[in-house]
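**Q** Once you've had a glance at the structure underneath, I'll fire off some questions.
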Amino acid sequence: MAALKGRVALVTGGSRGIGRAIAISLAEAGAAVAVNYLSKSAEAQAVVEAIHGQGGRAVSVGADVSQAAAVKGMVAGVERELGPVDILINNAGIAINRPVDELTEDDFDRTMAVNLKSVFLCTQAVLPGMRKRRWGRIVNISSGAARGAGGVGPHYNTSKAGMEGMTRGYAARLVKDGITVNAVAPSLIQTDMVGAVASSASRIPLGRFGKPEECSLIVMMLIENEYMTGQTVALSGGLSFL
Ligand code: NAP
């Protein structure tokens, strides 16, 4: 399990849910992991301690990834503590769940800033170092809502569709630099977010919610595979096919 030994990974929104599972999988594969969070520092610290408990290297780093200055500070801090970032997982996201007639401009702007602009800010911040080392892996956590109806609302659909466009745009421009950029599009993974959006798994053909660990398995597959870039892998218990 030492495939990523010597690599440094940054997982945005690594304190809970899907990001937490990805952080732990990366550490199990040998990477040193920076666990980003917005406000839940104790949860992020618990992920760091779980990684330390398995003999891995990890730090927690608080930053609002929708803010350019915070992202700059976060990446500088990670570089100081662990080294330059080789693997970026753009996972942090929000799902403002409101009936369409009650959605506000602020809901739209906040969703775009956290779910989409953050991907641009974090990617731009780590790119120069990846280019210099001629190796990098970027995985964006999209959603079935990028292409399907989704259960949150059009603001959320838009943010995730934009993320998939950004995935292809970066992939095309970075492939010659040894950097791959892919996305995973989960639907209804058992996390705090899904608890607030869907009360039952009855819509899912498999008959249950997905597990965060099932999502991290796909992320690890994408990180291993140099020949795959610009792609989105759906993970939905049969709910949608891309
Ligand atoms: P979650 O349990 O609600 O966790 C969200 C994570 O994002 C937390 O770590 C949170 O930090 C962090 N975060 C939120 N806003 C942030 C900000 N501005 N800056 C930094 N971190 C921020 O969500 P999840 O279900 O694991 O979802 C993770 C990703 O998967 C999201 O992008 C989501 O859209 C996507 N997704 C999830 C599902 C699903 O079924 N669960 C389906 C499709 C896509 P704190 O802990 O500090 O609050």
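Chain lettering (A, B, ...) mirrors the order of the structure tokens, residue numbering begins at 1 for each chain separately, and ligand numbering begins at 1 in order of display.
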Which residues of chain A come within 6 Å of ligand 1, and for each one, what is the closest pair of atoms and their distance in Å to one decimal, counting only C-alpha atoms and all ligand atoms, sorted by chain and residue number, as a tab-separated table?

**A**
```
residue	atom	partner	partner_atom_place_in_ligand_line	distance
A:Thr12	CA	ligand 1	21 (N)	5.7
A:Gly13	CA	ligand 1	9 (O)	3.2
A:Gly14	CA	ligand 1	9 (O)	4.8
A:Ser15	CA	ligand 1	9 (O)	4.2
A:Arg16	CA	ligand 1	9 (O)	4.6
A:Gly17	CA	ligand 1	26 (O)	3.5
A:Ile18	CA	ligand 1	26 (O)	3.8
A:Gly19	CA	ligand 1	26 (O)	5.6
A:Tyr37	CA	ligand 1	47 (O)	4.0
A:Leu38	CA	ligand 1	47 (O)	3.5
A:Ser39	CA	ligand 1	47 (O)	3.7
A:Lys40	CA	ligand 1	47 (O)	3.7
A:Ala63	CA	ligand 1	20 (C)	5.6
A:Asp64	CA	ligand 1	19 (N)	3.6
A:Val65	CA	ligand 1	19 (N)	4.1
A:Ser66	CA	ligand 1	18 (N)	5.3
A:Asn91	CA	ligand 1	32 (O)	4.6
A:Ala92	CA	ligand 1	7 (O)	3.7
A:Gly93	CA	ligand 1	32 (O)	3.5
A:Ile94	CA	ligand 1	14 (C)	5.5
A:Val114	CA	ligand 1	18 (N)	5.1
A:Ile141	CA	ligand 1	30 (O)	5.3
A:Ser142	CA	ligand 1	44 (C)	5.4
A:Ser143	CA	ligand 1	43 (C)	3.8
A:Pro186	CA	ligand 1	43 (C)	4.5
A:Ser187	CA	ligand 1	42 (C)	4.3
A:Leu188	CA	ligand 1	40 (O)	3.2
A:Ile189	CA	ligand 1	40 (O)	3.6
A:Gln190	CA	ligand 1	41 (N)	5.8
A:Thr191	CA	ligand 1	25 (O)	4.7
A:Asp192	CA	ligand 1	2 (O)	4.3
A:Met193	CA	ligand 1	3 (O)	4.0
A:Val194	CA	ligand 1	41 (N)	4.7
```

**Q** Report, in Å with one decimal, the straight-line distance from atom CA of Asn140 of chain A to atom CA of Glu164 of chain A.

**A** 8.0 Å

**Q** Which residue out of A:Gly136, A:Gly207, A:Gly53, A:Gly73 has the minimum interatomic distance to Leu88 of chain A when only C-alpha atoms are used?

**A**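 Once distances to Leu88 of chain A are computed over only C-alpha atoms, the minimum belongs to A:Gly136.
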
**Q** So that I can check the secondary structure, give me every residue of segment 53-218 of chain A assigned strand (DSSP E or B) by backbone DSSP, as a ChimeraX atom specification.

**A** /A:58-62,87-90,136-141,179-186,189,210

**Q** Take the residues just selected and output them with C-alpha atoms as a short mmCIF file (atom, residue, chain, number, x, y, z; two decimals), in the first residue's frame.

**A**
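Produced file out-v4.cif, reproduced below:
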```
data_model
loop_
_atom_site.label_atom_id
_atom_site.label_comp_id
_atom_site.auth_asym_id
_atom_site.auth_seq_id
_atom_site.Cartn_x
_atom_site.Cartn_y
_atom_site.Cartn_z
CA ALA A 58 -1.36 14.37 8.08
CA VAL A 59 -2.24 17.91 9.11
CA SER A 60 -5.55 19.73 9.31
CA VAL A 61 -5.92 23.11 7.65
CA GLY A 62 -8.87 25.45 8.09
CA ILE A 87 -2.62 15.40 -5.49
CA LEU A 88 -5.55 17.78 -5.18
CA ILE A 89 -9.03 16.53 -4.38
CA ASN A 90 -11.59 19.29 -4.91
CA GLY A 136 0.02 15.79 -10.66
CA ARG A 137 -3.41 14.32 -10.01
CA ILE A 138 -6.54 16.41 -9.66
CA VAL A 139 -9.89 14.79 -8.89
CA ASN A 140 -13.04 16.90 -8.70
CA ILE A 141 -16.05 15.61 -6.79
CA ILE A 179 -1.05 16.02 -14.78
CA THR A 180 -4.41 14.25 -15.03
CA VAL A 181 -7.72 15.90 -14.18
CA ASN A 182 -10.83 13.78 -13.71
CA ALA A 183 -14.15 13.94 -11.90
CA VAL A 184 -16.31 11.54 -9.91
CA ALA A 185 -20.07 12.05 -10.03
CA PRO A 186 -21.68 10.36 -7.04
CA ILE A 189 -23.77 8.77 -0.70
CA GLY A 210 -23.66 4.57 -1.35
#
```

**Q** Of the candidates A:Leu127, A:Ala146, A:Ala76, A:Val233, which one gets nearest to Arg173 of chain A if we count only C-alpha atoms?

**A**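 Looking at the shortest contact to Arg173 of chain A, the residue is A:Leu127.
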
**Q** With a distance cut-off of 10 Å and only C-alpha atoms, select the neighbouring residues of Gln54 of chain A, excluding the residue or stretch itself and same-chain residues fewer than 4 positions from it, and output the selection as a ChimeraX atom specification.

**A** /A:24,27-28,49-50
